[in-house]
Amino acid sequence: MRVALFVPCYIDQFYPQVAIASLELLEKLGCEVIVPENQTCCGQPMANSGFAHITGGCDTNFSTNFSGFDYIVGPSGSCVLHLKEHHPDSKIRSSVYEICEFLVDVLKVKSLPSYFPHKVGLHQSCHGQRGLRISSMTELNEKPFSKLTYLLDLVKGCEWKYPERQDECCGFGGTFCVTEEAVSVKMGQDRILEHQANEVEYIVGADTSCLMHMEGILKRSASNVGVKHIVEILNAHA
Amino acid sequence: MLSHAEASEKFIANQERTDWHDDTLWFVRAKRDKASKLLPEWEALRNQASQIKEHILSNLPQYLLEFEANAQANGVQVHWAKDAHEHNEIVYSIIQKHGDKALVKSKSMLTEECHLNAYLEQKGIDVVDTDLGERIVQFRKEVPSHIVLPAIHLKKEDVGETFHQHLGTPKGNKDPQFLTEAARIHLREKFLGAKVAITGVNFAVAETGEFVVCTNEGNADMGAHLSDVHIACMGIEKIIPKRQDLGVFLRLLARSATGQLITTYSSHFAKPRDGQEMHIVLVDNGRSRQLARDEFRNSLKCIRCAACFNTCPVYRRSGGHSYHQPVAGPIGSILAPNFDKKANVDLPFASTLCGSCSNVCPVKINIHEQLWFWRQDLMKEGLAPAGKVFGMKLMAWLMSSPAVFRMAGGIGRKVMNWFPFLVNNGMNPWYKQREMPSPPKQSFQEWYKSNRS
């Protein structure tokens with residue numbers, strides 16, 4: 001299966017290990033992975049700040065890099081949701097997948113050769129969860145499910161825990177994290193406290209932006225809890 | 001006036017109170033979850049409610065006229081107000097006709113929206129809010145911080161102090177039962193003395209001309225039944241077609257608002273009793289303008305349950321007053337720009353767009369999507385600060401050109417590594433309470449080039 005790997009701009013610049021793990025994992029699962037080299041940003045930071053009317057350049061650049069692929073896969077729920085909801089090209093909208101939903105829904109992964117002997121706390125990033133429906137939502141009267149816990153359960157040695165409030169937002173919120181700094185940080189601190197109460201070693205999620213925000217707070221308090229993108233765990237081996 | 005971000009920072013400065021506020025409202029959200037999950041048909045009920053409201057919004061003029069005709073046939077006097085000022089004038093003219101100087105009022109967010117209390121007080125009328133929470137904030141010369149729990153920003157110590165000052169309860173007494181009893185005695189006197197009672201309206205039934213008022217304290221009933229004149233004030237979107245529709249809305253309202261299975265008093269008012277006058281004031285105040293906006297018309301489906309407040313992680317940690325509007329929370333943030341775009345430009349940005357509000361909404365308003373649409377609308381109108389416009393344009397330009405992006409990224413990471421103080425300083429709001437990410441030596445694309453091609 002031919003897959004184009006979409007690497008969100010800030011992952012490219014600050015979290016290359018997440019993109020490397022995505023690439024290796026997809027290859028391990030038999031995909032032919034193409035990495036368009038001139039990709040930049042999906043346009044979400046501008047659009048969510050009220051400037052969707054100036055993202056034309058981003059949209060065009062995305063189309064130039066990703067046209068002609070049946071599967072565009074990225075390790076970020078919020079960037080993927082933005083493309084699915086707002087990219088002008090309907091082929092792009094229908095071809096783009098968040099990597100966990102791609103593994104579960106398209107590749108129909110039943111087993112993984114992964115090994116990660118650690119206790120992790122699962123953070124459900126809102127755009128992946130509520131926007132892409134990667135997991136059921138506590139507000140709705142629906143049968144519980146989660147593509148993330150399904151995948152984590154395939155990893156040998158990995159024990160996962162939900163925080164007490166299973167799907168509350170961490171407060172990142174794009175530019176919200178600086179324009180509403182006080183609320184943003186307080187929300188992040190509250191999430192972290194619940195994960196710490198579960199004595200986890202890592203906070204794990206499918207959106208690096210939420211993790212970057214919580215990592216910043218964890219590091220400031222010199223906590224020994226780390227953060228990892230879920231693909232880093234799915235790609236981990238003995 | 002402080003922006004939402006500035007007011008929130010002040011609120012959060014008291015961490016203990018913020019945690020208490022957050023936990024208290026989360027408790028209400030959890031009760032709502034439990035009550036909603038007792039009904040296997042919950043999601044179907046939400047769909048049905050949303051569709052009934054859709055139908056109403058598409059046929060509003062007909063239903064309003066039907067309601068007016070039926071109410072008049074019941075002996076009720078119906079008034080139409082195009083805006084807040086006209087509403088206040090109508091209410092005042094009714095009071096004036098009877099020559100009264102005092103009235104009791106049960107909870108009505110519409111009268112808050114119209115700033116009726118301030119208007120009447122200027123005219124020398126003593127308005128007594130009879131909802132306990134509203135009475136507390138009225139004593140304190142504050143406004144409600146929550147549309148269902150108006151004094152939720154206060155703790156029992158605060159109420160004890162307020163009652164000590166206004167009702168003469170012993171200083172330091174913060175026993176909820178004692179304080180409630182004191183309020184009861186105080187309000188009983190006001191009920192007995194008032195000739196005019198104002199209530200809000202939760203639902204107005206077109207088919208019968210009756211209206212339904214929901215309270216847990218029975219204060220609307222007490223006021224209306226003891227008064228010679230009952231004035232009910234309602235926004236024009238409160239219409240429902242048939243009485244049977246209440247079977248959908250009343251079940252959703254109480255469960256969504258407080259997790260109760262039913263509101264304590266759901267009182268139907270159809271006609272004045274002998275010797276009583278009954279008035280209904282139908283208020284537009286910007287609603288027809290909102291109705292004409294495709295992206296925002298669904299906001300008029302709101303039944304004011306406040307479930308979106310209780311679930312909102314931002315509201316719980318910033319308090320209702322930070323929204324500087326009578327209706328706070330996520331729903332307030334999509335209603336407020338309709339009244340004044342410039343004054344409320346901050347509100348659609350007081351959200352992470354997490355989407356929890358839309359999920360709890362009993363009438364399925366796409367609240368978080370409307371927040372996004374308002375952001376676009378307000379920025380296109382040029383209401384962004386100049387610095388933000390420049391930053392966004394710069395970013396859009398940078399991200400449109402792969403070569404510029406690569407160069408800027410490389411330089412940026414080197415600067416962060418070599419001169420960390422350039423970003424790790426007080427000018428950077430990220431750095432205030434968070435460390436910056438550690439910039440890696442290679443970007444992913446650089447790694448890919450050196451390892452894979």
# chains A, B, ... in the order shown; residues from 1 in each chain; ligands from 1
>>> interface_residues(of="chain A", to="chain B", cutoff="6 Å", atoms="only C-alpha atoms", output="JSON, numbers by chain")
{"A": [12, 13, 14, 16, 38, 40, 41, 50, 57, 58, 126, 139, 141, 173, 178, 180, 182, 216, 217, 220]}
>>> write_last_selection(atoms="C-alpha atoms", output="CSV table (one decimal), in the first residue's frame")
chain,number,residue,atom,x,y,z
A,12,ASP,CA,9.4,18.2,11.6
A,13,GLN,CA,11.2,21.0,13.5
A,14,PHE,CA,10.9,19.9,17.2
A,16,PRO,CA,11.6,14.4,14.5
A,38,ASN,CA,8.4,20.3,0.3
A,40,THR,CA,5.2,22.6,5.4
A,41,CYS,CA,2.0,23.3,7.4
A,50,GLY,CA,-9.6,33.4,12.7
A,57,GLY,CA,-0.7,29.5,0.1
A,58,CYS,CA,-0.6,26.7,2.7
A,126,CYS,CA,-9.9,16.5,21.7
A,139,GLU,CA,-20.5,13.2,27.2
A,141,ASN,CA,-24.6,8.0,25.6
A,173,GLY,CA,-5.7,24.9,22.1
A,178,VAL,CA,-0.3,31.9,24.7
A,180,GLU,CA,-5.0,32.6,27.4
A,182,ALA,CA,-3.2,31.4,32.6
A,216,GLY,CA,6.7,22.2,29.0
A,217,ILE,CA,4.8,22.2,32.3
A,220,ARG,CA,9.3,23.3,34.6
>>> residues_around(residues="Ile262 (chain B)", least_positions_apart="5", cutoff="8 Å", atoms="only C-alpha atoms", output="list in words")
Leu250, Arg251, Ala254 and Arg255 of chain B
>>> write_last_selection(atoms="C-alpha atoms", output="PDB file, in the first residue's frame")
ATOM      1  CA  LEU B 250     -38.548  19.067  30.070  1.00  0.00           C
ATOM      2  CA  ARG B 251     -36.812  15.704  30.189  1.00  0.00           C
ATOM      3  CA  ALA B 254     -33.429  19.195  34.037  1.00  0.00           C
ATOM      4  CA  ARG B 255     -31.053  16.347  33.277  1.00  0.00           C
TER       5      ARG B 255
END
>>> residues_around(residues="Glu161 (chain B)", least_positions_apart="4", cutoff="9 Å", atoms="only C-alpha atoms", output="PyMOL selection string")
chain B and resi 156-157+165-166+169-174
>>> residues_around(residues="Glu16 (chain B)", least_positions_apart="5", cutoff="12 Å", atoms="only C-alpha atoms", output="VMD selection string")
(chain A and resid 186) or (chain B and resid 11 21 to 23 155 317)
>>> write_last_selection(atoms="N, CA and C atoms", output="PDB file, in the first residue's frame")
ATOM      1  N   LYS A 186      -3.173  26.259  33.657  1.00  0.00           N
ATOM      2  CA  LYS A 186      -3.935  25.640  34.747  1.00  0.00           C
ATOM      3  C   LYS A 186      -4.581  24.332  34.276  1.00  0.00           C
TER       4      LYS A 186
ATOM      5  N   PHE B  11      -8.715  35.567  38.242  1.00  0.00           N
ATOM      6  CA  PHE B  11      -9.516  34.521  38.888  1.00  0.00           C
ATOM      7  C   PHE B  11      -8.610  33.377  39.342  1.00  0.00           C
ATOM      8  N   HIS B  21     -14.077  25.864  42.443  1.00  0.00           N
ATOM      9  CA  HIS B  21     -15.034  26.221  41.390  1.00  0.00           C
ATOM     10  C   HIS B  21     -15.068  25.130  40.323  1.00  0.00           C
ATOM     11  N   ASP B  22     -13.887  24.707  39.919  1.00  0.00           N
ATOM     12  CA  ASP B  22     -13.757  23.658  38.904  1.00  0.00           C
ATOM     13  C   ASP B  22     -14.389  22.352  39.389  1.00  0.00           C
ATOM     14  N   ASP B  23     -14.071  21.951  40.606  1.00  0.00           N
ATOM     15  CA  ASP B  23     -14.597  20.681  41.137  1.00  0.00           C
ATOM     16  C   ASP B  23     -16.113  20.725  41.311  1.00  0.00           C
ATOM     17  N   LYS B 155     -18.586  31.199  47.893  1.00  0.00           N
ATOM     18  CA  LYS B 155     -18.607  30.100  48.858  1.00  0.00           C
ATOM     19  C   LYS B 155     -19.529  30.483  50.014  1.00  0.00           C
ATOM     20  N   ARG B 317     -12.480  27.128  34.963  1.00  0.00           N
ATOM     21  CA  ARG B 317     -11.260  27.704  35.531  1.00  0.00           C
ATOM     22  C   ARG B 317     -11.152  29.214  35.336  1.00  0.00           C
TER      23      ARG B 317
END
>>> select_by_dssp(residues="region 158-320 of chain B", states="alpha helix (DSSP H)", output="ChimeraX atom specification")
/B:158-167,176-193,219-226,246-257,287-291,307-311,313-318
>>> closest_residue(among="A:Leu148, A:Thr138, A:Asp167, A:His87", to="His53 (chain A)", atoms="only C-alpha atoms")
A:His87
>>> closest_residue(among="A:Glu168, A:Glu159, A:Glu24, A:Glu85", to="Ser125 (chain A)", atoms="only C-alpha atoms")
A:Glu168
>>> closest_residue(among="A:Glu201, A:Leu5, A:Leu152, A:Gly157", to="Pro117 (chain A)", atoms="only C-alpha atoms")
A:Gly157
>>> residues_around(residues="Ala270 (chain B)", least_positions_apart="5", cutoff="9 Å", atoms="only C-alpha atoms", output="list in words")
Ala71, Asn74, Gly75, Val76, Thr208, Gly209, Glu210, Phe211 and Val212 of chain B
>>> residues_around(residues="region 197-200 of chain B", least_positions_apart="6", cutoff="10 Å", atoms="only C-alpha atoms", output="MDAnalysis selection string")
chainID B and resid 91 95 102:111 127:130 191 211:214 219:235 278:281
>>> write_last_selection(atoms="C-alpha atoms", output="PDB file, in the first residue's frame")
ATOM      1  CA  VAL B  91     -42.352  46.651  31.562  1.00  0.00           C
ATOM      2  CA  ILE B  95     -45.734  48.979  36.512  1.00  0.00           C
ATOM      3  CA  ALA B 102     -41.653  47.525  44.247  1.00  0.00           C
ATOM      4  CA  LEU B 103     -41.772  44.204  42.458  1.00  0.00           C
ATOM      5  CA  VAL B 104     -40.529  40.661  42.747  1.00  0.00           C
ATOM      6  CA  LYS B 105     -38.752  38.946  39.904  1.00  0.00           C
ATOM      7  CA  SER B 106     -37.876  35.303  39.410  1.00  0.00           C
ATOM      8  CA  LYS B 107     -34.947  34.269  37.282  1.00  0.00           C
ATOM      9  CA  SER B 108     -35.010  35.552  33.745  1.00  0.00           C
ATOM     10  CA  MET B 109     -31.822  35.726  31.712  1.00  0.00           C
ATOM     11  CA  LEU B 110     -33.689  37.873  29.206  1.00  0.00           C
ATOM     12  CA  THR B 111     -34.173  40.638  31.780  1.00  0.00           C
ATOM     13  CA  VAL B 127     -36.627  45.163  42.130  1.00  0.00           C
ATOM     14  CA  VAL B 128     -36.247  42.102  44.345  1.00  0.00           C
ATOM     15  CA  ASP B 129     -34.730  39.046  42.694  1.00  0.00           C
ATOM     16  CA  THR B 130     -36.354  36.066  44.384  1.00  0.00           C
ATOM     17  CA  PHE B 191     -43.561  38.263  48.166  1.00  0.00           C
ATOM     18  CA  PHE B 211     -46.137  29.337  28.957  1.00  0.00           C
ATOM     19  CA  VAL B 212     -44.040  27.183  31.245  1.00  0.00           C
ATOM     20  CA  VAL B 213     -41.660  28.455  33.897  1.00  0.00           C
ATOM     21  CA  CYS B 214     -39.192  26.028  35.504  1.00  0.00           C
ATOM     22  CA  ASN B 219     -40.225  31.405  43.625  1.00  0.00           C
ATOM     23  CA  ALA B 220     -41.815  32.105  40.252  1.00  0.00           C
ATOM     24  CA  ASP B 221     -45.072  30.548  41.474  1.00  0.00           C
ATOM     25  CA  MET B 222     -44.966  32.377  44.789  1.00  0.00           C
ATOM     26  CA  GLY B 223     -44.498  35.697  43.015  1.00  0.00           C
ATOM     27  CA  ALA B 224     -47.038  35.104  40.267  1.00  0.00           C
ATOM     28  CA  HIS B 225     -49.752  33.718  42.539  1.00  0.00           C
ATOM     29  CA  LEU B 226     -49.548  36.508  45.099  1.00  0.00           C
ATOM     30  CA  SER B 227     -49.408  39.338  42.594  1.00  0.00           C
ATOM     31  CA  ASP B 228     -52.114  41.442  40.982  1.00  0.00           C
ATOM     32  CA  VAL B 229     -50.017  41.757  37.842  1.00  0.00           C
ATOM     33  CA  HIS B 230     -47.861  39.038  36.315  1.00  0.00           C
ATOM     34  CA  ILE B 231     -45.431  40.092  33.575  1.00  0.00           C
ATOM     35  CA  ALA B 232     -43.669  37.276  31.728  1.00  0.00           C
ATOM     36  CA  CYS B 233     -40.683  38.279  29.581  1.00  0.00           C
ATOM     37  CA  MET B 234     -39.448  36.019  26.834  1.00  0.00           C
ATOM     38  CA  GLY B 235     -37.145  35.949  23.833  1.00  0.00           C
ATOM     39  CA  MET B 278     -51.213  38.899  32.891  1.00  0.00           C
ATOM     40  CA  HIS B 279     -48.772  40.274  30.327  1.00  0.00           C
ATOM     41  CA  ILE B 280     -46.316  38.617  27.980  1.00  0.00           C
ATOM     42  CA  VAL B 281     -43.497  40.626  26.442  1.00  0.00           C
TER      43      VAL B 281
END
>>> residues_around(residues="region 93-97 of chain A", least_positions_apart="2", cutoff="10 Å", atoms="only C-alpha atoms", output="ChimeraX atom specification")
/A:4-6,66-77,79-91,99-103,105-106,132
>>> write_last_selection(atoms="C-alpha atoms", output="PDB file, in the first residue's frame")
ATOM      1  CA  ALA A   4       2.205   9.659   1.836  1.00  0.00           C
ATOM      2  CA  LEU A   5       3.522  10.625   5.245  1.00  0.00           C
ATOM      3  CA  PHE A   6       2.276  14.006   6.377  1.00  0.00           C
ATOM      4  CA  PHE A  66       0.024  15.445  -1.599  1.00  0.00           C
ATOM      5  CA  SER A  67      -2.047  15.191  -4.776  1.00  0.00           C
ATOM      6  CA  GLY A  68      -2.378  11.745  -6.279  1.00  0.00           C
ATOM      7  CA  PHE A  69      -2.167   9.753  -3.050  1.00  0.00           C
ATOM      8  CA  ASP A  70      -5.021   7.561  -1.872  1.00  0.00           C
ATOM      9  CA  TYR A  71      -3.726   7.655   1.677  1.00  0.00           C
ATOM     10  CA  ILE A  72      -2.207  10.675   3.378  1.00  0.00           C
ATOM     11  CA  VAL A  73      -1.286   9.708   6.930  1.00  0.00           C
ATOM     12  CA  GLY A  74      -0.130  12.001   9.717  1.00  0.00           C
ATOM     13  CA  PRO A  75       0.666  11.634  13.425  1.00  0.00           C
ATOM     14  CA  SER A  76      -1.519  14.530  14.560  1.00  0.00           C
ATOM     15  CA  GLY A  77      -5.269  14.422  15.136  1.00  0.00           C
ATOM     16  CA  CYS A  79      -3.829  18.834  11.839  1.00  0.00           C
ATOM     17  CA  VAL A  80      -5.660  15.956  10.166  1.00  0.00           C
ATOM     18  CA  LEU A  81      -9.021  17.221  11.427  1.00  0.00           C
ATOM     19  CA  HIS A  82      -8.243  20.670  10.059  1.00  0.00           C
ATOM     20  CA  LEU A  83      -7.482  19.231   6.618  1.00  0.00           C
ATOM     21  CA  LYS A  84     -10.563  17.004   6.695  1.00  0.00           C
ATOM     22  CA  GLU A  85     -12.817  19.927   7.600  1.00  0.00           C
ATOM     23  CA  HIS A  86     -11.281  22.844   5.764  1.00  0.00           C
ATOM     24  CA  HIS A  87      -8.948  21.909   2.910  1.00  0.00           C
ATOM     25  CA  PRO A  88     -10.501  23.157  -0.364  1.00  0.00           C
ATOM     26  CA  ASP A  89      -9.730  19.925  -2.286  1.00  0.00           C
ATOM     27  CA  SER A  90     -12.281  17.178  -1.612  1.00  0.00           C
ATOM     28  CA  LYS A  91      -9.823  14.440  -2.662  1.00  0.00           C
ATOM     29  CA  ILE A  99      -2.162   7.451  11.901  1.00  0.00           C
ATOM     30  CA  CYS A 100      -4.001   5.471  14.625  1.00  0.00           C
ATOM     31  CA  GLU A 101      -7.280   5.494  12.739  1.00  0.00           C
ATOM     32  CA  PHE A 102      -5.332   4.443   9.623  1.00  0.00           C
ATOM     33  CA  LEU A 103      -3.773   1.495  11.498  1.00  0.00           C
ATOM     34  CA  ASP A 105      -9.572   1.174  10.091  1.00  0.00           C
ATOM     35  CA  VAL A 106      -7.498   0.775   6.911  1.00  0.00           C
ATOM     36  CA  LEU A 132     -12.206  12.295  14.247  1.00  0.00           C
TER      37      LEU A 132
END
